[in-house]
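Below is one structure, written out as structure tokens; the observations come after it.
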Amino acid sequence: MSIPSAVKSTPIYGRQQLIDYLAAGEKPHEAWRIGTEHEKFGFRTNDLSPPTFEGEHGIRALLEGIAERYGWDIAREGEIPVALIRDKANITLEPAGQLELSGAPLETIHQTCCEVNTHLEEVRSVADGLGLGFLGMGFQPKWRRDEMPWMPKGRYKIMREYMPKVGSLGLDMMTRTCTVQVNLDFESEGDMVRKFRTSLALQPIATALFADSPFTEGKPNGYLSYRSHVWTDTDADRTGMLDFVFEDSFGYERYVDYMLDVPMYFSYQDGHYIDLAGKDFKRFMAGTLEELPGVRATMKDWGDHLTTAFPEVRLKQYLEMRGADGGPWNRLCALPAFWVGLLYDDEALYSAWELVKDFTREERHALRDGVPKHAIKLPFRGGTVRDLAREALRIAAHGLKRRHRLNRNGVDESIFLEPLIEIVEANQTPAERKLELFHSEWNGSVDPVFKEFAY
């Protein structure tokens with residue numbers, strides 16, 4: 001799931017190269033894989049504060065400890081360790097030190113859940129010795145934005161300076177949110193379009209099921225997924241529901257046109273990030289940027305640029321489902337199960353599209369705008385989002401059963417949907433459960449969340 005090395009330095013001379021790059025992601029059904037990414041908040045166990053990068057109990061010490069103990073290779077910016085690499089998986093840092101596992105492309109959810117558990121065990125074994133813990137939620141429940149540390153990565157400095165120019169919550173997105181997402185393959189342009197449309201229309205359902213960010217700075221914030229709300233005022237040029245995906249003309253070319261209109265953040269040149277925030281990628285292709293006179297964008301720049309748009313579903317050489325709050329280990333396994341069940345089985349994909357194909361633009365936006373506050377209780381067409389979630393889970397379960405990928409005990413992947421089924425049957429999201437505890441056993445404090453829900 002990366003740019004082939006021979007392509008990276010190729011100059012871009014026209015749109016067709018960009019279209020061909022997306023099309024190069026096509027894979028036959030038997031080669032489809034599942035890539036799961038999740039972020040988590042670190043905290044010092046003695047005072048719950050977020051760890052800084054440096055220091056004997058910092059994020060740098062954690063990265064170096066994991067690398068030494070478990071055989072990860074260290075990737076650096078200059079002399080600074082910023083990521084770990086092993087077996088096609090990466091451990092990377094979000095802007096405030098949120099630790100992210102970008103998992104390897106795997107064949108089954110069983111493998112995904114094993115990968116998640118192995119990662120959490122490795123992190124915990126090193127973190128314990130440093131007095132650190134990790135928490136899975138969608139939004140930092142206790143600390144203010146100005147209390148969050150910043151990691152020494154070049155692209156984050158550029159984004160940090162640019163974000164306040166285009167929205168009021170971009171810095172919160174960078175420093176105080178955590179998500180889980182899944183990356184899935186497609187077979188052809190038509191298959192990509194079907195999956196993109198279906199997953200984009202259903203993304204609010206995933207947001208509702210995974211809603212787990214009800215606190216800001218120690219108090220209820222009025223939302224169930226505040227993380228999802230944050231994206232509504234981050235940067236309108238690179239976020240949202242992408243209504244053009246539902247137009248008849250949608251395909252690789254239309255997505256390229258969208259990305260060419262997304263303002264740039266940077267270009268990585270000779271080991272350094274060049275600040276190009278707000279600049280036009282088309283001018284970069286033509287070699288007419290004042291900051292890089294005569295320098296033409298390469299396919300490596302295009303690959304980087306594709307990572308700087310943040311819609312609810314994102315296309316690279318695979319599709320990324322981006323709508324869910326971070327959470328405990330079982331929900332980290334549930335998200336790929338949900339989307340694989342819906343999108344990797346032809347009958348399930350057909351049924352899922354039938355469920356959403358007549359949603360109007362206004363209804364899609366009402367779902368997107370309503371679920372951050374109301375989650376599965378949001379009214380919709382005479383019922384609620386809970387009804388849509390129940391039907392989507394039914395379709396996903398049948399899709400996983402038809403996939404018939406069994407573990408050593410003969411159990412198929414639908415077992416990983418159980419946490420989501422429990423949420424629907426209880427009619428209570430993880431956020432609502434935490435609010436209930438906040439107003440009862442926790443006596444109006446969010447501090448217990450760091451103990452009771454830590455990994």
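Here, A, B, ... name the chains of the structure tokens in the order displayed, residue numbers run from 1 inside each chain, and ligands are numbered from 1 in the same displayed order.
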| message | I'd like the neighbourhood of Leu355 of chain A as a list in words, where a residue qualifies if any of its atoms comes within 10 Å (using only C-alpha atoms), though same-chain residues fewer than 6 positions away should be ignored. | response | Thr198, Ala201, Leu202, Leu349, Leu388, Glu391, Ala392 and Ile395 of chain A
| task | Excluding segment 221-226 of chain A and residues on its chain fewer than 4 positions from it, collect all residues at most 9 Å away from it, counting only C-alpha atoms, and give them as a list of chain:residue names. | result |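 With the cut-off at 9 Å, the set is A:Gly138, A:Phe139, A:Thr177, A:Thr207, A:Ala208, A:Phe210, A:Ala211, A:Asp212, A:Ser213, A:Pro214, A:Phe215, A:Thr216, A:Glu217, A:Val230, A:Trp231, A:Ala324, A:Asp325, A:Val371, A:Pro372, A:Lys373, A:His374, A:Ala375, A:Thr429, A:Pro430, A:Ala431, A:Glu432.
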Using the selection just defined, write its residues with N, CA and C atoms as a PDB file, in the first residue's frame.
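Okay, selection16.pdb is ready:
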```
ATOM      1  N   GLY A 138     -12.334   8.857  21.403  1.00  0.00           N
ATOM      2  CA  GLY A 138     -12.314   9.715  20.229  1.00  0.00           C
ATOM      3  C   GLY A 138     -11.752  11.094  20.471  1.00  0.00           C
ATOM      4  N   PHE A 139     -11.848  11.590  21.722  1.00  0.00           N
ATOM      5  CA  PHE A 139     -11.376  12.940  22.021  1.00  0.00           C
ATOM      6  C   PHE A 139     -10.753  12.946  23.402  1.00  0.00           C
ATOM      7  N   THR A 177      -7.724  14.383  19.084  1.00  0.00           N
ATOM      8  CA  THR A 177      -8.609  13.349  18.560  1.00  0.00           C
ATOM      9  C   THR A 177      -7.845  12.059  18.307  1.00  0.00           C
ATOM     10  N   THR A 207     -20.016   6.160  12.540  1.00  0.00           N
ATOM     11  CA  THR A 207     -19.758   7.214  13.525  1.00  0.00           C
ATOM     12  C   THR A 207     -20.663   7.051  14.731  1.00  0.00           C
ATOM     13  N   ALA A 208     -21.928   6.763  14.488  1.00  0.00           N
ATOM     14  CA  ALA A 208     -22.888   6.610  15.581  1.00  0.00           C
ATOM     15  C   ALA A 208     -22.561   5.402  16.453  1.00  0.00           C
ATOM     16  N   PHE A 210     -19.736   3.936  16.952  1.00  0.00           N
ATOM     17  CA  PHE A 210     -18.451   4.043  17.635  1.00  0.00           C
ATOM     18  C   PHE A 210     -18.335   5.304  18.488  1.00  0.00           C
ATOM     19  N   ALA A 211     -19.428   6.046  18.630  1.00  0.00           N
ATOM     20  CA  ALA A 211     -19.384   7.332  19.338  1.00  0.00           C
ATOM     21  C   ALA A 211     -18.823   7.161  20.751  1.00  0.00           C
ATOM     22  N   ASP A 212     -17.691   7.819  21.015  1.00  0.00           N
ATOM     23  CA  ASP A 212     -17.004   7.644  22.298  1.00  0.00           C
ATOM     24  C   ASP A 212     -16.135   8.866  22.596  1.00  0.00           C
ATOM     25  N   SER A 213     -16.733  10.046  22.514  1.00  0.00           N
ATOM     26  CA  SER A 213     -15.977  11.267  22.858  1.00  0.00           C
ATOM     27  C   SER A 213     -16.916  12.314  23.449  1.00  0.00           C
ATOM     28  N   PRO A 214     -17.457  12.034  24.651  1.00  0.00           N
ATOM     29  CA  PRO A 214     -18.454  12.928  25.236  1.00  0.00           C
ATOM     30  C   PRO A 214     -17.898  13.993  26.176  1.00  0.00           C
ATOM     31  N   PHE A 215     -16.563  14.009  26.391  1.00  0.00           N
ATOM     32  CA  PHE A 215     -15.986  14.923  27.374  1.00  0.00           C
ATOM     33  C   PHE A 215     -14.972  15.867  26.725  1.00  0.00           C
ATOM     34  N   THR A 216     -14.960  17.090  27.186  1.00  0.00           N
ATOM     35  CA  THR A 216     -13.932  18.071  26.836  1.00  0.00           C
ATOM     36  C   THR A 216     -13.491  18.775  28.112  1.00  0.00           C
ATOM     37  N   GLU A 217     -12.204  18.727  28.376  1.00  0.00           N
ATOM     38  CA  GLU A 217     -11.622  19.405  29.539  1.00  0.00           C
ATOM     39  C   GLU A 217     -12.341  19.049  30.840  1.00  0.00           C
ATOM     40  N   VAL A 230     -15.621  17.876  15.478  1.00  0.00           N
ATOM     41  CA  VAL A 230     -14.410  18.663  15.228  1.00  0.00           C
ATOM     42  C   VAL A 230     -14.126  18.785  13.739  1.00  0.00           C
ATOM     43  N   TRP A 231     -14.398  17.733  12.990  1.00  0.00           N
ATOM     44  CA  TRP A 231     -14.106  17.752  11.561  1.00  0.00           C
ATOM     45  C   TRP A 231     -14.998  18.721  10.792  1.00  0.00           C
ATOM     46  N   ALA A 324     -14.838   6.745  12.482  1.00  0.00           N
ATOM     47  CA  ALA A 324     -15.076   6.156  13.799  1.00  0.00           C
ATOM     48  C   ALA A 324     -14.154   6.715  14.874  1.00  0.00           C
ATOM     49  N   ASP A 325     -14.695   6.876  16.086  1.00  0.00           N
ATOM     50  CA  ASP A 325     -13.889   7.219  17.251  1.00  0.00           C
ATOM     51  C   ASP A 325     -13.005   6.038  17.641  1.00  0.00           C
ATOM     52  N   VAL A 371     -25.400  12.842  13.803  1.00  0.00           N
ATOM     53  CA  VAL A 371     -24.894  11.753  14.646  1.00  0.00           C
ATOM     54  C   VAL A 371     -23.843  12.187  15.673  1.00  0.00           C
ATOM     55  N   PRO A 372     -23.050  13.256  15.440  1.00  0.00           N
ATOM     56  CA  PRO A 372     -22.123  13.640  16.509  1.00  0.00           C
ATOM     57  C   PRO A 372     -22.820  13.927  17.837  1.00  0.00           C
ATOM     58  N   LYS A 373     -24.023  14.475  17.797  1.00  0.00           N
ATOM     59  CA  LYS A 373     -24.757  14.753  19.038  1.00  0.00           C
ATOM     60  C   LYS A 373     -25.635  13.596  19.479  1.00  0.00           C
ATOM     61  N   HIS A 374     -26.289  12.940  18.543  1.00  0.00           N
ATOM     62  CA  HIS A 374     -27.354  12.007  18.899  1.00  0.00           C
ATOM     63  C   HIS A 374     -27.029  10.545  18.627  1.00  0.00           C
ATOM     64  N   ALA A 375     -26.003  10.279  17.841  1.00  0.00           N
ATOM     65  CA  ALA A 375     -25.560   8.909  17.545  1.00  0.00           C
ATOM     66  C   ALA A 375     -26.732   8.040  17.075  1.00  0.00           C
ATOM     67  N   THR A 429     -24.627   3.962  23.339  1.00  0.00           N
ATOM     68  CA  THR A 429     -23.282   4.036  22.785  1.00  0.00           C
ATOM     69  C   THR A 429     -22.244   4.025  23.899  1.00  0.00           C
ATOM     70  N   PRO A 430     -20.979   3.781  23.553  1.00  0.00           N
ATOM     71  CA  PRO A 430     -19.924   3.878  24.562  1.00  0.00           C
ATOM     72  C   PRO A 430     -19.892   5.250  25.241  1.00  0.00           C
ATOM     73  N   ALA A 431     -20.159   6.311  24.474  1.00  0.00           N
ATOM     74  CA  ALA A 431     -20.178   7.652  25.066  1.00  0.00           C
ATOM     75  C   ALA A 431     -21.266   7.772  26.127  1.00  0.00           C
ATOM     76  N   GLU A 432     -22.441   7.230  25.840  1.00  0.00           N
ATOM     77  CA  GLU A 432     -23.544   7.317  26.813  1.00  0.00           C
ATOM     78  C   GLU A 432     -23.246   6.507  28.065  1.00  0.00           C
TER      79      GLU A 432
END
```
Skip segment 55-70 of chain A itself and residues of its chain fewer than 6 positions away, then list as a PDB file with N, CA and C atoms, in the first residue's frame all residues within 12 Å of it, counting only C-alpha atoms.
```pdb
ATOM      1  N   PHE A  41      -4.395   7.711  22.988  1.00  0.00           N
ATOM      2  CA  PHE A  41      -3.804   8.761  23.806  1.00  0.00           C
ATOM      3  C   PHE A  41      -2.864   8.167  24.842  1.00  0.00           C
ATOM      4  N   GLY A  42      -1.663   8.695  24.926  1.00  0.00           N
ATOM      5  CA  GLY A  42      -0.771   8.342  26.013  1.00  0.00           C
ATOM      6  C   GLY A  42      -1.009   9.233  27.213  1.00  0.00           C
ATOM      7  N   PHE A  43      -0.738   8.711  28.406  1.00  0.00           N
ATOM      8  CA  PHE A  43      -0.842   9.520  29.618  1.00  0.00           C
ATOM      9  C   PHE A  43       0.142   9.000  30.658  1.00  0.00           C
ATOM     10  N   ARG A  44       0.607   9.913  31.485  1.00  0.00           N
ATOM     11  CA  ARG A  44       1.458   9.526  32.608  1.00  0.00           C
ATOM     12  C   ARG A  44       0.570   8.966  33.712  1.00  0.00           C
ATOM     13  N   THR A  45       0.913   7.821  34.212  1.00  0.00           N
ATOM     14  CA  THR A  45       0.032   7.176  35.188  1.00  0.00           C
ATOM     15  C   THR A  45       0.013   7.905  36.524  1.00  0.00           C
ATOM     16  N   ASN A  46       1.018   8.719  36.793  1.00  0.00           N
ATOM     17  CA  ASN A  46       1.043   9.388  38.101  1.00  0.00           C
ATOM     18  C   ASN A  46       0.136  10.611  38.158  1.00  0.00           C
ATOM     19  N   SER A  49      -1.244  13.278  32.839  1.00  0.00           N
ATOM     20  CA  SER A  49      -0.893  14.272  31.831  1.00  0.00           C
ATOM     21  C   SER A  49      -0.317  13.593  30.585  1.00  0.00           C
ATOM     22  N   ARG A  76      13.563   7.951  10.922  1.00  0.00           N
ATOM     23  CA  ARG A  76      13.936   9.218  11.546  1.00  0.00           C
ATOM     24  C   ARG A  76      13.714  10.396  10.599  1.00  0.00           C
ATOM     25  N   GLU A  79      17.915  13.286  13.006  1.00  0.00           N
ATOM     26  CA  GLU A  79      18.306  12.370  14.070  1.00  0.00           C
ATOM     27  C   GLU A  79      17.141  11.970  14.969  1.00  0.00           C
ATOM     28  N   ILE A  80      15.960  12.473  14.654  1.00  0.00           N
ATOM     29  CA  ILE A  80      14.816  12.293  15.545  1.00  0.00           C
ATOM     30  C   ILE A  80      14.010  11.060  15.143  1.00  0.00           C
ATOM     31  N   PRO A  81      13.802  10.097  16.040  1.00  0.00           N
ATOM     32  CA  PRO A  81      12.948   8.941  15.717  1.00  0.00           C
ATOM     33  C   PRO A  81      11.482   9.363  15.669  1.00  0.00           C
ATOM     34  N   VAL A  82      10.825   9.102  14.542  1.00  0.00           N
ATOM     35  CA  VAL A  82       9.428   9.521  14.388  1.00  0.00           C
ATOM     36  C   VAL A  82       8.498   8.362  14.048  1.00  0.00           C
ATOM     37  N   ALA A  83       9.043   7.173  13.766  1.00  0.00           N
ATOM     38  CA  ALA A  83       8.192   6.038  13.407  1.00  0.00           C
ATOM     39  C   ALA A  83       8.984   4.753  13.559  1.00  0.00           C
ATOM     40  N   LEU A  84       8.244   3.641  13.647  1.00  0.00           N
ATOM     41  CA  LEU A  84       8.826   2.306  13.683  1.00  0.00           C
ATOM     42  C   LEU A  84       8.236   1.488  12.543  1.00  0.00           C
ATOM     43  N   ILE A  85       9.038   0.572  11.986  1.00  0.00           N
ATOM     44  CA  ILE A  85       8.620  -0.224  10.828  1.00  0.00           C
ATOM     45  C   ILE A  85       8.972  -1.681  11.077  1.00  0.00           C
ATOM     46  N   ARG A  86       7.993  -2.576  10.801  1.00  0.00           N
ATOM     47  CA  ARG A  86       8.238  -4.016  10.908  1.00  0.00           C
ATOM     48  C   ARG A  86       7.170  -4.771  10.130  1.00  0.00           C
ATOM     49  N   ASP A  87       7.592  -5.643   9.244  1.00  0.00           N
ATOM     50  CA  ASP A  87       6.669  -6.549   8.548  1.00  0.00           C
ATOM     51  C   ASP A  87       5.478  -5.827   7.922  1.00  0.00           C
ATOM     52  N   ASN A  90       3.503  -0.128  10.558  1.00  0.00           N
ATOM     53  CA  ASN A  90       4.207   1.045  11.049  1.00  0.00           C
ATOM     54  C   ASN A  90       3.593   1.502  12.367  1.00  0.00           C
ATOM     55  N   ILE A  91       4.419   2.003  13.258  1.00  0.00           N
ATOM     56  CA  ILE A  91       3.963   2.739  14.434  1.00  0.00           C
ATOM     57  C   ILE A  91       4.399   4.178  14.230  1.00  0.00           C
ATOM     58  N   THR A  92       3.442   5.092  14.197  1.00  0.00           N
ATOM     59  CA  THR A  92       3.740   6.488  13.898  1.00  0.00           C
ATOM     60  C   THR A  92       3.178   7.387  14.990  1.00  0.00           C
ATOM     61  N   LEU A  93       3.546   8.661  14.922  1.00  0.00           N
ATOM     62  CA  LEU A  93       3.126   9.636  15.920  1.00  0.00           C
ATOM     63  C   LEU A  93       2.181  10.655  15.300  1.00  0.00           C
ATOM     64  N   GLU A  94       1.047  10.857  15.928  1.00  0.00           N
ATOM     65  CA  GLU A  94       0.174  11.966  15.596  1.00  0.00           C
ATOM     66  C   GLU A  94       0.718  13.229  16.274  1.00  0.00           C
ATOM     67  N   PRO A  95       0.172  14.402  15.961  1.00  0.00           N
ATOM     68  CA  PRO A  95       0.815  15.659  16.376  1.00  0.00           C
ATOM     69  C   PRO A  95       1.090  15.818  17.865  1.00  0.00           C
ATOM     70  N   ALA A  96       0.199  15.332  18.743  1.00  0.00           N
ATOM     71  CA  ALA A  96       0.412  15.495  20.182  1.00  0.00           C
ATOM     72  C   ALA A  96       0.929  14.220  20.831  1.00  0.00           C
ATOM     73  N   GLY A  97       1.482  13.331  20.032  1.00  0.00           N
ATOM     74  CA  GLY A  97       2.047  12.108  20.568  1.00  0.00           C
ATOM     75  C   GLY A  97       1.080  10.947  20.632  1.00  0.00           C
ATOM     76  N   GLN A  98      -0.140  11.122  20.069  1.00  0.00           N
ATOM     77  CA  GLN A  98      -1.021   9.965  19.973  1.00  0.00           C
ATOM     78  C   GLN A  98      -0.283   8.896  19.166  1.00  0.00           C
ATOM     79  N   LEU A  99      -0.276   7.682  19.704  1.00  0.00           N
ATOM     80  CA  LEU A  99       0.470   6.588  19.078  1.00  0.00           C
ATOM     81  C   LEU A  99      -0.451   5.854  18.113  1.00  0.00           C
ATOM     82  N   GLU A 100       0.006   5.699  16.874  1.00  0.00           N
ATOM     83  CA  GLU A 100      -0.824   5.056  15.853  1.00  0.00           C
ATOM     84  C   GLU A 100      -0.157   3.783  15.345  1.00  0.00           C
ATOM     85  N   THR A 118      -1.270  -8.087  19.739  1.00  0.00           N
ATOM     86  CA  THR A 118       0.189  -8.148  19.853  1.00  0.00           C
ATOM     87  C   THR A 118       0.768  -6.753  20.037  1.00  0.00           C
ATOM     88  N   HIS A 119       0.279  -5.812  19.245  1.00  0.00           N
ATOM     89  CA  HIS A 119       0.757  -4.428  19.342  1.00  0.00           C
ATOM     90  C   HIS A 119       0.479  -3.845  20.723  1.00  0.00           C
ATOM     91  N   LEU A 120      -0.741  -4.012  21.216  1.00  0.00           N
ATOM     92  CA  LEU A 120      -1.088  -3.442  22.521  1.00  0.00           C
ATOM     93  C   LEU A 120      -0.255  -4.072  23.644  1.00  0.00           C
ATOM     94  N   GLU A 121       0.009  -5.370  23.520  1.00  0.00           N
ATOM     95  CA  GLU A 121       0.857  -6.037  24.525  1.00  0.00           C
ATOM     96  C   GLU A 121       2.282  -5.494  24.479  1.00  0.00           C
ATOM     97  N   GLU A 122       2.825  -5.298  23.288  1.00  0.00           N
ATOM     98  CA  GLU A 122       4.181  -4.766  23.180  1.00  0.00           C
ATOM     99  C   GLU A 122       4.267  -3.349  23.745  1.00  0.00           C
ATOM    100  N   VAL A 123       3.301  -2.517  23.376  1.00  0.00           N
ATOM    101  CA  VAL A 123       3.301  -1.141  23.880  1.00  0.00           C
ATOM    102  C   VAL A 123       3.169  -1.129  25.397  1.00  0.00           C
ATOM    103  N   ARG A 124       2.259  -1.915  25.910  1.00  0.00           N
ATOM    104  CA  ARG A 124       2.023  -1.923  27.365  1.00  0.00           C
ATOM    105  C   ARG A 124       3.261  -2.404  28.116  1.00  0.00           C
ATOM    106  N   SER A 125       3.946  -3.401  27.590  1.00  0.00           N
ATOM    107  CA  SER A 125       5.099  -3.951  28.310  1.00  0.00           C
ATOM    108  C   SER A 125       6.220  -2.923  28.445  1.00  0.00           C
ATOM    109  N   VAL A 126       6.379  -2.049  27.436  1.00  0.00           N
ATOM    110  CA  VAL A 126       7.395  -1.001  27.503  1.00  0.00           C
ATOM    111  C   VAL A 126       6.861   0.206  28.271  1.00  0.00           C
ATOM    112  N   ALA A 127       5.608   0.554  28.027  1.00  0.00           N
ATOM    113  CA  ALA A 127       5.019   1.735  28.667  1.00  0.00           C
ATOM    114  C   ALA A 127       4.959   1.584  30.183  1.00  0.00           C
ATOM    115  N   ASP A 128       4.697   0.368  30.660  1.00  0.00           N
ATOM    116  CA  ASP A 128       4.611   0.150  32.111  1.00  0.00           C
ATOM    117  C   ASP A 128       5.896   0.584  32.814  1.00  0.00           C
ATOM    118  N   GLY A 129       7.024   0.265  32.213  1.00  0.00           N
ATOM    119  CA  GLY A 129       8.302   0.619  32.819  1.00  0.00           C
ATOM    120  C   GLY A 129       8.602   2.101  32.773  1.00  0.00           C
ATOM    121  N   LEU A 130       7.873   2.835  31.907  1.00  0.00           N
ATOM    122  CA  LEU A 130       8.074   4.274  31.793  1.00  0.00           C
ATOM    123  C   LEU A 130       7.015   5.069  32.557  1.00  0.00           C
ATOM    124  N   GLY A 131       6.121   4.355  33.236  1.00  0.00           N
ATOM    125  CA  GLY A 131       5.046   5.041  33.935  1.00  0.00           C
ATOM    126  C   GLY A 131       4.022   5.642  32.995  1.00  0.00           C
ATOM    127  N   LEU A 132       3.782   4.986  31.850  1.00  0.00           N
ATOM    128  CA  LEU A 132       2.834   5.476  30.852  1.00  0.00           C
ATOM    129  C   LEU A 132       1.691   4.494  30.678  1.00  0.00           C
ATOM    130  N   GLY A 133       0.535   5.019  30.352  1.00  0.00           N
ATOM    131  CA  GLY A 133      -0.607   4.205  29.971  1.00  0.00           C
ATOM    132  C   GLY A 133      -1.183   4.727  28.668  1.00  0.00           C
ATOM    133  N   PHE A 134      -2.115   3.972  28.072  1.00  0.00           N
ATOM    134  CA  PHE A 134      -2.744   4.390  26.816  1.00  0.00           C
ATOM    135  C   PHE A 134      -4.242   4.164  26.883  1.00  0.00           C
ATOM    136  N   PRO A 149       1.208  18.393  24.207  1.00  0.00           N
ATOM    137  CA  PRO A 149       2.553  18.572  23.631  1.00  0.00           C
ATOM    138  C   PRO A 149       2.508  18.512  22.105  1.00  0.00           C
ATOM    139  N   TRP A 150       3.585  18.895  21.471  1.00  0.00           N
ATOM    140  CA  TRP A 150       3.716  18.778  20.018  1.00  0.00           C
ATOM    141  C   TRP A 150       4.931  17.924  19.691  1.00  0.00           C
ATOM    142  N   MET A 151       4.747  17.032  18.741  1.00  0.00           N
ATOM    143  CA  MET A 151       5.820  16.164  18.307  1.00  0.00           C
ATOM    144  C   MET A 151       6.687  16.883  17.261  1.00  0.00           C
ATOM    145  N   PRO A 152       7.987  16.612  17.228  1.00  0.00           N
ATOM    146  CA  PRO A 152       8.912  17.335  16.347  1.00  0.00           C
ATOM    147  C   PRO A 152       8.936  16.776  14.924  1.00  0.00           C
TER     148      PRO A 152
END
```
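The interatomic distance for the pair atom CA of Ser440 of chain A and atom CA of Val385 of chain A works out to 27.2 Å.
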| task | Using DSSP on the backbone coordinates, identify the residues of segment 213-273 of chain A assigned to strand (DSSP E or B); present them as a count of residues only. | result | 14
| said: Give me, as a PyMOL selection string, the residues of segment 140-202 of chain A that a backbone DSSP run labels helix (DSSP H, G or I). | reply: chain A and resi 145-147+154-165+170-176+189-202
| message | So the first atom is atom CA of Ala348 of chain A and the second is atom CA of Arg254 of chain A; what is the distance between them in Å, to one decimal place? | response | 26.2 Å
Please build the interface table for segment 126-220 of chain A against segment 261-284 of chain A with a cut-off of 7 Å, listing for each qualifying residue the nearest atom pair and the distance in Å to one decimal; count only C-alpha atoms, order rows by chain and increasing number, and write it as CSV.
```
residue,atom,partner,partner_atom,distance
A:Gly154,CA,A:Tyr273,CA,5.7
A:Arg155,CA,A:Tyr273,CA,6.3
A:Ile158,CA,A:Asp275,CA,6.0
A:Met159,CA,A:Tyr265,CA,6.8
A:Tyr162,CA,A:Ala277,CA,6.5
```
